[in-house]
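Read the structure below first, then the notes.
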Amino acid sequence: MDDNQSITRNVKDFFKYRYDNYLSLSSETSSLRSINFGNTAVSHSMQTDSQQRIYLRIMDAQKIIKSVDDAIESCRNDTEHPYRKILTLRYIQHRSTVYVISQLSFEKTFYYRNLLPNTLIEFANKFLVKQLVNGVENIIDLTASTAVKSIV
C-alpha cells in the first residue's frame, strides 16, 4: 500500500472510529468539578491523580477537536478543489457519499479517484500542523504509514 492510500485510510479511520470519542470527551467540562488542592500532604491521593489525568485528557480532546475544525477551515474550497465542503458534508455532518457527490459538479469516478484522496491528504497534513499550533499533547499523525493510536 502506498503512502497516499495509507493516509486516506488513516483519515477515514480517524473520523469513523475516533472523532466522535474526542468530540464527546471534549464536551465533558461542564460536568467536572475543580480539583481540590487544599490537601498539602506530601503524598498524592490516587483520586487527585486520577482526576488530574482526566482533566488532561479532556483538555487534549478539546485541542484535538479545535485542530480538526481549524484544519477543515484551512482546506481549499474553490470550484476545482471543494475539499472543505467534502470534509464538512461527509465527516462532520455525516451525509452520505451519494449526497456529497450530488452537491459537487464532478462525476463519481473523479470524486473517488481524485477529489476524495486529495481532500483526505490535504486534511491530514493540515491537521498535523494545527495540532502543533494548538498545543496537543498526544499528536495524532495521520500522515504516517501506520497512524499513531492514542487512547481516548
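Residues are named by chain letter and number: chains run A, B, ... in the order of the C-alpha cells, numbers start at 1 in each chain, and ligands are numbered from 1 in the order shown.
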
| task | From chain A, collect each residue whose DSSP state is alpha helix (DSSP H) and return the set as a PyMOL selection string. | result | chain A and resi 3-13+19-26+46-74+83-87+97-103+108-110+116-134

| Distance query range 84-90 of chain A at most 10 Å, only C-alpha atoms, self and fewer than 2 positions along chain excluded, as an NGL selection string | :A and (15 or 69 or 71-78 or 81-82 or 92-101 or 103-104 or 111 or 115-116 or 119-120 or 122-123)

Restricting the output to C-alpha atoms, write the selected residues as an mmCIF file, in the first residue's frame.
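Listed below is the output, part16.cif:
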data_model
loop_
_atom_site.group_PDB
_atom_site.id
_atom_site.type_symbol
_atom_site.label_atom_id
_atom_site.label_comp_id
_atom_site.auth_asym_id
_atom_site.auth_seq_id
_atom_site.Cartn_x
_atom_site.Cartn_y
_atom_site.Cartn_z
ATOM 1 C CA PHE A 15 -13.377 10.044 11.507
ATOM 2 C CA ASP A 69 -12.084 22.402 12.932
ATOM 3 C CA ALA A 71 -7.715 22.047 9.616
ATOM 4 C CA ILE A 72 -11.046 21.767 7.808
ATOM 5 C CA GLU A 73 -11.416 25.549 7.781
ATOM 6 C CA SER A 74 -7.958 25.943 6.230
ATOM 7 C CA CYS A 75 -8.575 23.400 3.444
ATOM 8 C CA ARG A 76 -9.153 24.706 -0.047
ATOM 9 C CA ASN A 77 -12.759 25.284 -1.022
ATOM 10 C CA ASP A 78 -12.945 26.529 -4.583
ATOM 11 C CA HIS A 81 -10.902 21.843 -5.002
ATOM 12 C CA PRO A 82 -14.046 21.634 -2.832
ATOM 13 C CA ILE A 92 -18.861 16.440 10.177
ATOM 14 C CA GLN A 93 -22.492 16.372 9.016
ATOM 15 C CA HIS A 94 -22.356 12.608 8.248
ATOM 16 C CA ARG A 95 -24.028 12.977 4.867
ATOM 17 C CA SER A 96 -23.971 10.010 2.526
ATOM 18 C CA THR A 97 -21.398 9.789 -0.229
ATOM 19 C CA VAL A 98 -24.230 9.893 -2.779
ATOM 20 C CA TYR A 99 -25.430 13.170 -1.267
ATOM 21 C CA VAL A 100 -21.917 14.667 -1.252
ATOM 22 C CA ILE A 101 -21.337 13.742 -4.897
ATOM 23 C CA GLN A 103 -23.602 18.560 -4.277
ATOM 24 C CA LEU A 104 -20.480 18.693 -6.437
ATOM 25 C CA TYR A 111 -14.675 12.003 -6.903
ATOM 26 C CA LEU A 115 -11.188 14.528 -5.132
ATOM 27 C CA LEU A 116 -11.624 12.316 -2.077
ATOM 28 C CA THR A 119 -9.170 16.016 0.241
ATOM 29 C CA LEU A 120 -8.089 13.486 2.845
ATOM 30 C CA GLU A 122 -4.741 17.808 2.487
ATOM 31 C CA PHE A 123 -6.731 17.398 5.698
#

| Could you pull the residues within 8 Å of Leu25 in chain A, counting only C-alpha atoms, minus those fewer than 6 positions along the same chain, as a list in words? | Ile58, Ala61 and Gln62 of chain A

For the selection you just gave me, I'd like the residues written to a file as an mmCIF file, in the first residue's frame, keeping N, CA and C atoms.
data_model
loop_
_atom_site.group_PDB
_atom_site.id
_atom_site.type_symbol
_atom_site.label_atom_id
_atom_site.label_comp_id
_atom_site.auth_asym_id
_atom_site.auth_seq_id
_atom_site.Cartn_x
_atom_site.Cartn_y
_atom_site.Cartn_z
ATOM 1 N N ILE A 58 -9.287 15.490 28.786
ATOM 2 C CA ILE A 58 -10.357 16.354 28.281
ATOM 3 C C ILE A 58 -9.771 17.580 27.586
ATOM 4 N N ALA A 61 -8.454 16.507 24.300
ATOM 5 C CA ALA A 61 -9.563 16.251 23.376
ATOM 6 C C ALA A 61 -10.107 17.560 22.816
ATOM 7 N N GLN A 62 -10.208 18.576 23.663
ATOM 8 C CA GLN A 62 -10.667 19.885 23.191
ATOM 9 C C GLN A 62 -9.714 20.462 22.153
#

| said: When you look at Asp60 in chain A with a cut-off of 7 Å (counting only C-alpha atoms), what residues show up, excluding the ones that are within fewer than 3 positions of it in the same chain? I need them as a list of chain:residue names. | reply: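 With the cut-off at 7 Å, the set is A:Leu56, A:Arg57, A:Lys63, A:Ile64, A:Val136, A:Glu137.
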
Can I get the selected residues back with C-alpha atoms, as a compact mmCIF listing (two decimals), in the first residue's frame?
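Contents of part.txt, as written:
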# COMPACT_ATOMS: atom_id res chain seq x y z
CA LEU A 56 -5.60 16.47 30.89
CA ARG A 57 -7.38 14.02 28.57
CA LYS A 63 -7.42 20.81 21.43
CA ILE A 64 -7.85 17.90 19.01
CA VAL A 136 -1.99 19.00 21.52
CA GLU A 137 -0.11 16.80 23.98

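If you look at CA of Asn21 in chain A and CA of Tyr55 in chain A, they are 15.2 Å away from each other.
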
| task | Please provide as an NGL selection string all residues within 8 Å of Thr143 in chain A, with the sequence filter that same-chain residues fewer than 6 positions apart are discarded (counting only C-alpha atoms). | result | :A and (3 or 6-7 or 10 or 121 or 124-125 or 128)

| What is the distance between CA of Ile65 in chain A and CA of Phe14 in chain A, in Å to one decimal? | 11.9 Å

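Reported to one decimal place, the separation of CA of Thr79 in chain A from CA of Arg113 in chain A is 17.0 Å.
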